[in-house]
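Chemist: Have a look at this one.
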There are 2 protein chains.
Amino acid sequence: MAKEVIEKIREFNRFYTSVIGVTNDHILQSNYSLTEVRVMYEAYYSPGITARQLTSILQVDEGYLSRLIAKLVKQKIVLKKQSKEDKRIYALELSEKGKQLFSDLNKRSSEAIATLIEHLTVGERQELVRLQDSIKALLIKK
Amino acid sequence: MAKEVIEKIREFNRFYTSVIGVTNDHILQSNYSLTEVRVMYEAYYSPGITARQLTSILQVDEGYLSRLIAKLVKQKIVLKKQSKEDKRIYALELSEKGKQLFSDLNKRSSEAIATLIEHLTVGERQELVRLQDSIKALLIKK
DNA sequence: AAAAATACTTGCCTAAAGCAAGCATTTTTT
DNA sequence: AAAAAATGCTTGCTTTAGGCAAGTATTTTT
């Protein structure tokens with residue numbers, strides 16, 4: 001395999017790590033860890049999701065996740081409803097407060113992205129999205 | 001600003017976070033933290049770099065960094081030479097052992113990338129690099 | 001009805017990282 | 001030139017993220 005290709009990809013990864021870092025920083029100034037925000041993200045877009053499913057999506061220890069969820073429940077950000085059919089299982093979803101918080105966090109994150117691309121013209125922004133779509137298509141392709 | 005553009009960029013960032021995660025996992029199985037590897041990276045490409053400079057590059061606490069460097073020095077991975085002109089300052093560089101280790105880590109990382117793109121044709125790989133270069137150019141452009 | 005599996009919880013522990021005070025050394029001010 | 005301020009690094013203390021493994025309740029399989 002061509003050495004330079006891999007080297008160039010790694011270089012891009014380093015570069016893009018810092019891009020992502022800049023936007024993550026904005027979230028991290030919010031008293032919520034990245035993992036907590038990811039839990040909110042999943043609970044928002046997949047209401048009814050279970051802790052078990054989250055561990056495999058987030059690749060995080062189930063014990064740690066259990067405590068993390070407990071914390072969010074205590075803060076009334078996440079609602080936890082025991083399933084009638086299987087009492088071991090709890091369906092998770094964001095409360096109204098949680099949705100509000102999540103939307104605030106999204107706003108922050110969007111502002112960080114906005115700053116990142118503020119120097120680009122409308123055409124360049126569309127070009128950026130197009131390039132990103134192409135990369136995703138290449139890397140996802142099975 | 002067009003809402004969808006920002007939303008699409010954020011989506012790509014989430015996607016690419018997982019791409020980077022896959023390759024970082026390979027490094028993390030090596031007993032060295034990401035921050036330690038980043039220190040090695042800087043010491044390798046900028047021999048003579050100081051702790052002070054590293055804190056601003058890596059955005060990490062100087063106390064933490066001080067201990068981290070001490071650990072790498074103890075393991076004889078990093079060499080620390082006190083400056084003659086200013087005794088407060090220490091020039092850092094990788095030892096031979098450190099260079100060897102760093103090259104091993106690089107190899108692992110490269111293997112992870114190789115797996116990531118193994119299903120791509122040579123042409124597609126070049127296309128991927130081209131797309132990444134274009135993104136970088138757009139985002140770096142002042 | 002046991003036994004095994006599943007979903008979650010809890011106790012215990014480690015590693016990563018931050019904060020703030022401290023110690024030399026150098027630079028600036030008076 | 002002496003005092004004060006700044007700089008570069010270190011060290012003590014603490015917090016947080018996260019893992020591991022044993023435990024509990026419930027459900028499924030044998």
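Identifiers in this document derive from the order of the structure tokens: chains are assigned A, B, ..., residues are numbered from 1 separately in each chain, and ligands are numbered from 1 in order of occurrence.
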Could you list, as a PyMOL selection string, every residue of chain B that has an atom within 9 Å of an atom of chain A, counting only C-alpha atoms?
Modeler: chain B and resi 1-3+5-10+12-17+19-20+109-111+113-114+116-120+122+124-129+131-136+138-139+141-142
Chemist: Considering only C-alpha atoms (C1' of nucleotides), tabulate each residue of chain C that lies at most 9 Å from chain A along with its nearest interatomic pair and the corresponding distance in Å to one decimal; arrange the rows by chain and ascending residue number and present them as CSV.
Modeler:
```
residue,atom,partner,partner_atom,distance
C:DT6,C1',A:Arg88,CA,8.2
C:DA7,C1',A:Arg88,CA,5.1
C:DC8,C1',A:Arg88,CA,6.8
C:DT9,C1',A:Ser66,CA,7.1
C:DT10,C1',A:Gly63,CA,8.3
```
Chemist: Limited to all heavy atoms, could you put the picked residues into a file as an mmCIF file, in the first residue's frame?
Modeler:
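Saved the output as again15.cif:
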```
data_model
loop_
_atom_site.group_PDB
_atom_site.id
_atom_site.type_symbol
_atom_site.label_atom_id
_atom_site.label_comp_id
_atom_site.auth_asym_id
_atom_site.auth_seq_id
_atom_site.Cartn_x
_atom_site.Cartn_y
_atom_site.Cartn_z
ATOM 1 P P DT C 6 -27.408 -13.713 26.910
ATOM 2 O OP1 DT C 6 -27.842 -13.690 25.510
ATOM 3 O OP2 DT C 6 -25.989 -13.607 27.289
ATOM 4 O "O5'" DT C 6 -28.214 -12.587 27.689
ATOM 5 C "C5'" DT C 6 -29.632 -12.624 27.656
ATOM 6 C "C4'" DT C 6 -30.176 -11.501 28.504
ATOM 7 O "O4'" DT C 6 -30.015 -11.821 29.905
ATOM 8 C "C3'" DT C 6 -29.474 -10.158 28.284
ATOM 9 O "O3'" DT C 6 -30.485 -9.221 27.953
ATOM 10 C "C2'" DT C 6 -28.805 -9.857 29.632
ATOM 11 C "C1'" DT C 6 -29.686 -10.643 30.597
ATOM 12 N N1 DT C 6 -29.083 -11.103 31.875
ATOM 13 C C2 DT C 6 -29.786 -10.868 33.037
ATOM 14 O O2 DT C 6 -30.859 -10.302 33.070
ATOM 15 N N3 DT C 6 -29.183 -11.347 34.171
ATOM 16 C C4 DT C 6 -27.972 -12.015 34.265
ATOM 17 O O4 DT C 6 -27.547 -12.393 35.348
ATOM 18 C C5 DT C 6 -27.282 -12.219 33.007
ATOM 19 C C7 DT C 6 -25.958 -12.924 32.997
ATOM 20 C C6 DT C 6 -27.868 -11.756 31.876
ATOM 21 P P DA C 7 -30.179 -7.763 27.548
ATOM 22 O OP1 DA C 7 -31.262 -7.356 26.628
ATOM 23 O OP2 DA C 7 -28.761 -7.656 27.158
ATOM 24 O "O5'" DA C 7 -30.388 -7.011 28.921
ATOM 25 C "C5'" DA C 7 -31.713 -6.767 29.388
ATOM 26 C "C4'" DA C 7 -31.653 -5.808 30.555
ATOM 27 O "O4'" DA C 7 -31.075 -6.515 31.685
ATOM 28 C "C3'" DA C 7 -30.758 -4.583 30.320
ATOM 29 O "O3'" DA C 7 -31.478 -3.428 30.730
ATOM 30 C "C2'" DA C 7 -29.528 -4.832 31.178
ATOM 31 C "C1'" DA C 7 -30.078 -5.723 32.283
ATOM 32 N N9 DA C 7 -29.109 -6.654 32.873
ATOM 33 C C8 DA C 7 -28.115 -7.334 32.236
ATOM 34 N N7 DA C 7 -27.396 -8.110 33.028
ATOM 35 C C5 DA C 7 -27.973 -7.918 34.269
ATOM 36 C C6 DA C 7 -27.684 -8.453 35.545
ATOM 37 N N6 DA C 7 -26.697 -9.317 35.771
ATOM 38 N N1 DA C 7 -28.452 -8.050 36.583
ATOM 39 C C2 DA C 7 -29.444 -7.186 36.343
ATOM 40 N N3 DA C 7 -29.822 -6.611 35.192
ATOM 41 C C4 DA C 7 -29.032 -7.037 34.197
ATOM 42 P P DC C 8 -30.842 -2.012 30.562
ATOM 43 O OP1 DC C 8 -31.956 -1.068 30.368
ATOM 44 O OP2 DC C 8 -29.709 -2.033 29.612
ATOM 45 O "O5'" DC C 8 -30.282 -1.778 32.027
ATOM 46 C "C5'" DC C 8 -31.233 -1.770 33.092
ATOM 47 C "C4'" DC C 8 -30.525 -1.958 34.417
ATOM 48 O "O4'" DC C 8 -29.658 -3.109 34.386
ATOM 49 C "C3'" DC C 8 -29.636 -0.793 34.859
ATOM 50 O "O3'" DC C 8 -30.291 -0.145 35.938
ATOM 51 C "C2'" DC C 8 -28.334 -1.467 35.295
ATOM 52 C "C1'" DC C 8 -28.730 -2.933 35.429
ATOM 53 N N1 DC C 8 -27.614 -3.897 35.239
ATOM 54 C C2 DC C 8 -27.176 -4.629 36.339
ATOM 55 O O2 DC C 8 -27.740 -4.452 37.428
ATOM 56 N N3 DC C 8 -26.142 -5.507 36.173
ATOM 57 C C4 DC C 8 -25.567 -5.654 34.986
ATOM 58 N N4 DC C 8 -24.571 -6.522 34.882
ATOM 59 C C5 DC C 8 -26.009 -4.922 33.844
ATOM 60 C C6 DC C 8 -27.023 -4.058 34.013
ATOM 61 P P DT C 9 -29.610 1.043 36.716
ATOM 62 O OP1 DT C 9 -30.692 1.828 37.319
ATOM 63 O OP2 DT C 9 -28.633 1.670 35.810
ATOM 64 O "O5'" DT C 9 -28.804 0.334 37.894
ATOM 65 C "C5'" DT C 9 -29.505 -0.543 38.759
ATOM 66 C "C4'" DT C 9 -28.597 -0.932 39.917
ATOM 67 O "O4'" DT C 9 -27.587 -1.878 39.476
ATOM 68 C "C3'" DT C 9 -27.834 0.224 40.562
ATOM 69 O "O3'" DT C 9 -28.003 0.055 41.959
ATOM 70 C "C2'" DT C 9 -26.380 0.019 40.124
ATOM 71 C "C1'" DT C 9 -26.324 -1.494 39.973
ATOM 72 N N1 DT C 9 -25.352 -2.051 39.005
ATOM 73 C C2 DT C 9 -24.477 -3.009 39.440
ATOM 74 O O2 DT C 9 -24.435 -3.400 40.590
ATOM 75 N N3 DT C 9 -23.643 -3.505 38.464
ATOM 76 C C4 DT C 9 -23.608 -3.148 37.135
ATOM 77 O O4 DT C 9 -22.825 -3.683 36.361
ATOM 78 C C5 DT C 9 -24.539 -2.133 36.744
ATOM 79 C C7 DT C 9 -24.592 -1.668 35.315
ATOM 80 C C6 DT C 9 -25.365 -1.639 37.680
ATOM 81 P P DT C 10 -27.548 1.152 43.002
ATOM 82 O OP1 DT C 10 -28.555 1.115 44.081
ATOM 83 O OP2 DT C 10 -27.237 2.385 42.274
ATOM 84 O "O5'" DT C 10 -26.184 0.574 43.590
ATOM 85 C "C5'" DT C 10 -26.130 -0.785 44.011
ATOM 86 C "C4'" DT C 10 -24.705 -1.117 44.425
ATOM 87 O "O4'" DT C 10 -23.947 -1.595 43.287
ATOM 88 C "C3'" DT C 10 -23.908 0.055 45.007
ATOM 89 O "O3'" DT C 10 -23.260 -0.417 46.170
ATOM 90 C "C2'" DT C 10 -22.898 0.409 43.916
ATOM 91 C "C1'" DT C 10 -22.687 -0.952 43.255
ATOM 92 N N1 DT C 10 -22.272 -0.933 41.840
ATOM 93 C C2 DT C 10 -21.415 -1.893 41.410
ATOM 94 O O2 DT C 10 -20.959 -2.766 42.130
ATOM 95 N N3 DT C 10 -21.092 -1.817 40.073
ATOM 96 C C4 DT C 10 -21.541 -0.886 39.167
ATOM 97 O O4 DT C 10 -21.187 -0.925 37.998
ATOM 98 C C5 DT C 10 -22.448 0.110 39.689
ATOM 99 C C7 DT C 10 -22.990 1.175 38.791
ATOM 100 C C6 DT C 10 -22.757 0.032 40.986
#
```
Chemist: My list of candidates is D:DA6, D:DA1, D:DA21, D:DC13. Which is closest to chain A when distances are computed with only C-alpha atoms (C1' of nucleotides)?
Modeler: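 Using only C-alpha atoms (C1' of nucleotides), chain A sits closest to D:DA21.
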Chemist: Rotate and translate chain A onto chain B via least squares on all in-order Cα pairs, then write the result as a PDB file with C-alpha atoms, in the first residue's frame.
Modeler:
```pdb
ATOM      1  CA  MET A   1     -26.328  31.192   7.940  1.00  0.00           C
ATOM      2  CA  ALA A   2     -27.850  28.180   6.268  1.00  0.00           C
ATOM      3  CA  LYS A   3     -28.917  25.838   9.017  1.00  0.00           C
ATOM      4  CA  GLU A   4     -28.407  22.701   6.976  1.00  0.00           C
ATOM      5  CA  VAL A   5     -24.788  23.477   6.251  1.00  0.00           C
ATOM      6  CA  ILE A   6     -23.911  23.596   9.925  1.00  0.00           C
ATOM      7  CA  GLU A   7     -25.997  20.529  10.623  1.00  0.00           C
ATOM      8  CA  LYS A   8     -24.243  18.622   7.883  1.00  0.00           C
ATOM      9  CA  ILE A   9     -20.835  19.643   9.129  1.00  0.00           C
ATOM     10  CA  ARG A  10     -21.746  18.501  12.601  1.00  0.00           C
ATOM     11  CA  GLU A  11     -22.912  15.209  11.215  1.00  0.00           C
ATOM     12  CA  PHE A  12     -19.626  14.789   9.406  1.00  0.00           C
ATOM     13  CA  ASN A  13     -17.784  15.632  12.604  1.00  0.00           C
ATOM     14  CA  ARG A  14     -19.619  12.912  14.460  1.00  0.00           C
ATOM     15  CA  PHE A  15     -18.812  10.487  11.707  1.00  0.00           C
ATOM     16  CA  TYR A  16     -15.195  11.478  11.565  1.00  0.00           C
ATOM     17  CA  THR A  17     -14.876  11.337  15.343  1.00  0.00           C
ATOM     18  CA  SER A  18     -15.540   7.640  15.082  1.00  0.00           C
ATOM     19  CA  VAL A  19     -13.032   7.267  12.260  1.00  0.00           C
ATOM     20  CA  ILE A  20     -10.369   8.927  14.379  1.00  0.00           C
ATOM     21  CA  GLY A  21     -11.505   6.882  17.354  1.00  0.00           C
ATOM     22  CA  VAL A  22     -10.811   3.647  15.557  1.00  0.00           C
ATOM     23  CA  THR A  23      -7.258   4.670  14.813  1.00  0.00           C
ATOM     24  CA  ASN A  24      -6.682   6.130  18.267  1.00  0.00           C
ATOM     25  CA  ASP A  25      -7.780   2.883  19.845  1.00  0.00           C
ATOM     26  CA  HIS A  26      -4.773   1.208  18.357  1.00  0.00           C
ATOM     27  CA  ILE A  27      -2.503   3.701  20.035  1.00  0.00           C
ATOM     28  CA  LEU A  28      -4.301   3.457  23.345  1.00  0.00           C
ATOM     29  CA  GLN A  29      -3.666  -0.259  23.509  1.00  0.00           C
ATOM     30  CA  SER A  30      -0.002   0.621  23.900  1.00  0.00           C
ATOM     31  CA  ASN A  31       0.073   1.778  27.539  1.00  0.00           C
ATOM     32  CA  TYR A  32       0.592   5.354  26.434  1.00  0.00           C
ATOM     33  CA  SER A  33      -2.075   8.011  26.633  1.00  0.00           C
ATOM     34  CA  LEU A  34      -2.950  10.172  23.673  1.00  0.00           C
ATOM     35  CA  THR A  35      -1.269  13.112  25.366  1.00  0.00           C
ATOM     36  CA  GLU A  36       1.908  11.143  25.928  1.00  0.00           C
ATOM     37  CA  VAL A  37       1.993  10.166  22.298  1.00  0.00           C
ATOM     38  CA  ARG A  38       1.422  13.758  21.292  1.00  0.00           C
ATOM     39  CA  VAL A  39       4.398  14.772  23.415  1.00  0.00           C
ATOM     40  CA  MET A  40       6.481  12.145  21.653  1.00  0.00           C
ATOM     41  CA  TYR A  41       5.218  13.426  18.345  1.00  0.00           C
ATOM     42  CA  GLU A  42       6.299  16.978  19.090  1.00  0.00           C
ATOM     43  CA  ALA A  43       9.606  15.881  20.563  1.00  0.00           C
ATOM     44  CA  TYR A  44      10.255  13.835  17.465  1.00  0.00           C
ATOM     45  CA  TYR A  45       9.420  16.498  14.919  1.00  0.00           C
ATOM     46  CA  SER A  46      10.655  19.471  16.945  1.00  0.00           C
ATOM     47  CA  PRO A  47      13.609  18.246  18.949  1.00  0.00           C
ATOM     48  CA  GLY A  48      14.687  20.835  21.482  1.00  0.00           C
ATOM     49  CA  ILE A  49      11.106  21.861  22.174  1.00  0.00           C
ATOM     50  CA  THR A  50      10.402  23.035  25.730  1.00  0.00           C
ATOM     51  CA  ALA A  51       7.662  22.160  28.192  1.00  0.00           C
ATOM     52  CA  ARG A  52       6.357  25.692  27.898  1.00  0.00           C
ATOM     53  CA  GLN A  53       5.943  25.386  24.151  1.00  0.00           C
ATOM     54  CA  LEU A  54       4.234  22.041  24.579  1.00  0.00           C
ATOM     55  CA  THR A  55       1.618  23.451  26.906  1.00  0.00           C
ATOM     56  CA  SER A  56       0.521  25.913  24.287  1.00  0.00           C
ATOM     57  CA  ILE A  57       0.591  23.371  21.474  1.00  0.00           C
ATOM     58  CA  LEU A  58      -1.152  20.617  23.391  1.00  0.00           C
ATOM     59  CA  GLN A  59      -3.359  22.875  25.487  1.00  0.00           C
ATOM     60  CA  VAL A  60      -2.633  20.943  28.603  1.00  0.00           C
ATOM     61  CA  ASP A  61      -1.920  21.988  32.169  1.00  0.00           C
ATOM     62  CA  GLU A  62       1.755  22.704  32.799  1.00  0.00           C
ATOM     63  CA  GLY A  63       1.782  20.820  36.096  1.00  0.00           C
ATOM     64  CA  TYR A  64       0.327  17.757  34.490  1.00  0.00           C
ATOM     65  CA  LEU A  65       2.743  18.076  31.607  1.00  0.00           C
ATOM     66  CA  SER A  66       5.695  18.390  33.962  1.00  0.00           C
ATOM     67  CA  ARG A  67       4.821  15.079  35.560  1.00  0.00           C
ATOM     68  CA  LEU A  68       4.116  13.472  32.242  1.00  0.00           C
ATOM     69  CA  ILE A  69       7.516  14.510  30.930  1.00  0.00           C
ATOM     70  CA  ALA A  70       9.135  13.294  34.140  1.00  0.00           C
ATOM     71  CA  LYS A  71       7.543   9.922  33.572  1.00  0.00           C
ATOM     72  CA  LEU A  72       8.822   9.717  30.003  1.00  0.00           C
ATOM     73  CA  VAL A  73      12.274  10.812  31.122  1.00  0.00           C
ATOM     74  CA  LYS A  74      12.274   8.143  33.809  1.00  0.00           C
ATOM     75  CA  GLN A  75      11.382   5.592  31.168  1.00  0.00           C
ATOM     76  CA  LYS A  76      14.278   6.918  29.108  1.00  0.00           C
ATOM     77  CA  ILE A  77      11.962   7.756  26.241  1.00  0.00           C
ATOM     78  CA  VAL A  78      12.567  11.484  26.411  1.00  0.00           C
ATOM     79  CA  LEU A  79      15.855  13.267  27.048  1.00  0.00           C
ATOM     80  CA  LYS A  80      15.841  16.547  28.927  1.00  0.00           C
ATOM     81  CA  LYS A  81      18.814  18.851  28.629  1.00  0.00           C
ATOM     82  CA  GLN A  82      19.069  22.000  30.674  1.00  0.00           C
ATOM     83  CA  SER A  83      19.879  25.037  28.601  1.00  0.00           C
ATOM     84  CA  LYS A  84      23.240  26.654  29.265  1.00  0.00           C
ATOM     85  CA  GLU A  85      21.957  30.144  28.562  1.00  0.00           C
ATOM     86  CA  ASP A  86      18.830  29.917  30.677  1.00  0.00           C
ATOM     87  CA  LYS A  87      18.838  27.316  33.385  1.00  0.00           C
ATOM     88  CA  ARG A  88      15.079  27.420  33.796  1.00  0.00           C
ATOM     89  CA  ILE A  89      14.627  25.894  30.391  1.00  0.00           C
ATOM     90  CA  TYR A  90      15.004  22.294  29.318  1.00  0.00           C
ATOM     91  CA  ALA A  91      15.288  21.119  25.754  1.00  0.00           C
ATOM     92  CA  LEU A  92      13.326  17.955  25.101  1.00  0.00           C
ATOM     93  CA  GLU A  93      13.997  15.298  22.537  1.00  0.00           C
ATOM     94  CA  LEU A  94      13.360  11.623  21.992  1.00  0.00           C
ATOM     95  CA  SER A  95      16.061   9.169  22.975  1.00  0.00           C
ATOM     96  CA  GLU A  96      16.916   6.313  20.640  1.00  0.00           C
ATOM     97  CA  LYS A  97      14.540   4.171  22.651  1.00  0.00           C
ATOM     98  CA  GLY A  98      11.923   6.886  22.313  1.00  0.00           C
ATOM     99  CA  LYS A  99      12.370   7.070  18.566  1.00  0.00           C
ATOM    100  CA  GLN A 100      12.027   3.329  18.349  1.00  0.00           C
ATOM    101  CA  LEU A 101       8.861   3.385  20.419  1.00  0.00           C
ATOM    102  CA  PHE A 102       7.453   6.276  18.456  1.00  0.00           C
ATOM    103  CA  SER A 103       8.068   4.466  15.231  1.00  0.00           C
ATOM    104  CA  ASP A 104       6.301   1.392  16.600  1.00  0.00           C
ATOM    105  CA  LEU A 105       3.315   3.499  17.552  1.00  0.00           C
ATOM    106  CA  ASN A 106       3.305   5.059  14.112  1.00  0.00           C
ATOM    107  CA  LYS A 107       3.320   1.658  12.581  1.00  0.00           C
ATOM    108  CA  ARG A 108       0.286   0.627  14.572  1.00  0.00           C
ATOM    109  CA  SER A 109      -1.499   3.774  13.643  1.00  0.00           C
ATOM    110  CA  SER A 110      -0.675   3.283   9.991  1.00  0.00           C
ATOM    111  CA  GLU A 111      -1.983  -0.243  10.133  1.00  0.00           C
ATOM    112  CA  ALA A 112      -5.272   1.045  11.470  1.00  0.00           C
ATOM    113  CA  ILE A 113      -5.507   3.489   8.583  1.00  0.00           C
ATOM    114  CA  ALA A 114      -4.555   0.768   6.150  1.00  0.00           C
ATOM    115  CA  THR A 115      -7.466  -1.320   7.392  1.00  0.00           C
ATOM    116  CA  LEU A 116      -9.753   1.646   7.080  1.00  0.00           C
ATOM    117  CA  ILE A 117      -8.990   2.087   3.403  1.00  0.00           C
ATOM    118  CA  GLU A 118      -8.296  -1.477   2.426  1.00  0.00           C
ATOM    119  CA  HIS A 119     -11.498  -1.706   0.423  1.00  0.00           C
ATOM    120  CA  LEU A 120     -10.596   1.330  -1.698  1.00  0.00           C
ATOM    121  CA  THR A 121      -8.919   1.192  -5.072  1.00  0.00           C
ATOM    122  CA  VAL A 122      -5.721   3.123  -5.623  1.00  0.00           C
ATOM    123  CA  GLY A 123      -7.687   5.796  -7.446  1.00  0.00           C
ATOM    124  CA  GLU A 124     -10.170   6.102  -4.620  1.00  0.00           C
ATOM    125  CA  ARG A 125      -7.393   6.487  -2.114  1.00  0.00           C
ATOM    126  CA  GLN A 126      -5.919   9.317  -4.092  1.00  0.00           C
ATOM    127  CA  GLU A 127      -9.359  10.833  -4.341  1.00  0.00           C
ATOM    128  CA  LEU A 128      -9.736  10.597  -0.565  1.00  0.00           C
ATOM    129  CA  VAL A 129      -6.473  12.422  -0.007  1.00  0.00           C
ATOM    130  CA  ARG A 130      -7.451  15.052  -2.536  1.00  0.00           C
ATOM    131  CA  LEU A 131     -10.787  15.613  -0.777  1.00  0.00           C
ATOM    132  CA  GLN A 132      -9.056  15.892   2.577  1.00  0.00           C
ATOM    133  CA  ASP A 133      -6.567  18.392   1.215  1.00  0.00           C
ATOM    134  CA  SER A 134      -9.409  20.504  -0.109  1.00  0.00           C
ATOM    135  CA  ILE A 135     -11.185  20.484   3.231  1.00  0.00           C
ATOM    136  CA  LYS A 136      -8.037  21.461   5.031  1.00  0.00           C
ATOM    137  CA  ALA A 137      -7.432  24.281   2.577  1.00  0.00           C
ATOM    138  CA  LEU A 138     -10.942  25.601   3.102  1.00  0.00           C
ATOM    139  CA  LEU A 139     -10.788  25.476   6.874  1.00  0.00           C
ATOM    140  CA  ILE A 140      -7.295  26.844   7.197  1.00  0.00           C
ATOM    141  CA  LYS A 141      -7.804  29.713   4.824  1.00  0.00           C
ATOM    142  CA  LYS A 142      -7.532  32.870   6.798  1.00  0.00           C
TER     143      LYS A 142
END
```
Chemist: Once DSSP has gone over the backbone, tell me which residues of chain A are in strand (DSSP E), as a PyMOL selection string.
Modeler: chain A and resi 78-82+90-94
Chemist: Among stretch 4-111 of chain A, which residues does DSSP mark as helix (DSSP H, G or I) when it is run on the backbone? Keep the chain and numbering as in the structure and answer as an MDAnalysis selection string.
Modeler: chainID A and resid 4:28 34:45 51:58 62:74 96:111
Chemist: Within 7 Å of chain A, which residues of chain D show up when using only C-alpha atoms (C1' of nucleotides), listed as a list of chain:residue names?
Modeler: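 Taken together, these residues fit the definition: D:DG18, D:DG19, D:DT26.
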Chemist: Do a neighbour search on D:DT16 at 10 Å with only C-alpha atoms (C1' of nucleotides), toss out local chain neighbours closer than 6 positions, and write the hits as a PDB file with N, CA and C atoms (P, O5', C5', C4', C3', O3' and C1' of nucleotides), in the first residue's frame.
Modeler:
```pdb
ATOM      1  N   SER A  33     -19.741  16.337  30.409  1.00  0.00           N
ATOM      2  CA  SER A  33     -18.665  15.664  29.685  1.00  0.00           C
ATOM      3  C   SER A  33     -19.152  15.268  28.298  1.00  0.00           C
TER       4      SER A  33
ATOM      5  P    DA C  16      -3.066   7.595  32.095  1.00  0.00           P
ATOM      6  O5'  DA C  16      -4.089   8.804  32.147  1.00  0.00           O
ATOM      7  C5'  DA C  16      -5.340   8.677  31.498  1.00  0.00           C
ATOM      8  C4'  DA C  16      -6.050  10.013  31.551  1.00  0.00           C
ATOM      9  C3'  DA C  16      -5.188  11.188  31.108  1.00  0.00           C
ATOM     10  O3'  DA C  16      -5.982  12.038  30.305  1.00  0.00           O
ATOM     11  C1'  DA C  16      -5.958  11.533  33.327  1.00  0.00           C
ATOM     12  P    DA C  17      -5.293  13.280  29.607  1.00  0.00           P
ATOM     13  O5'  DA C  17      -5.533  14.402  30.704  1.00  0.00           O
ATOM     14  C5'  DA C  17      -6.878  14.709  31.050  1.00  0.00           C
ATOM     15  C4'  DA C  17      -6.891  15.675  32.201  1.00  0.00           C
ATOM     16  C3'  DA C  17      -5.946  16.872  32.037  1.00  0.00           C
ATOM     17  O3'  DA C  17      -6.744  18.034  31.987  1.00  0.00           O
ATOM     18  C1'  DA C  17      -5.944  16.025  34.252  1.00  0.00           C
ATOM     19  P    DG C  18      -6.195  19.457  31.708  1.00  0.00           P
ATOM     20  O5'  DG C  18      -6.643  20.263  33.009  1.00  0.00           O
ATOM     21  C5'  DG C  18      -8.003  20.177  33.411  1.00  0.00           C
ATOM     22  C4'  DG C  18      -8.124  20.668  34.837  1.00  0.00           C
ATOM     23  C3'  DG C  18      -7.477  22.030  35.067  1.00  0.00           C
ATOM     24  O3'  DG C  18      -8.427  22.879  35.698  1.00  0.00           O
ATOM     25  C1'  DG C  18      -6.682  20.453  36.676  1.00  0.00           C
TER      26       DG C  18
END
```
Chemist: What's around C:DC23 at 12 Å? Count only C-alpha atoms (C1' of nucleotides), leave out sequence neighbours fewer than 5 positions away in its own chain, and write the answer as a PyMOL selection string.
Modeler: (chain B and resi 88) or (chain D and resi 8-11)
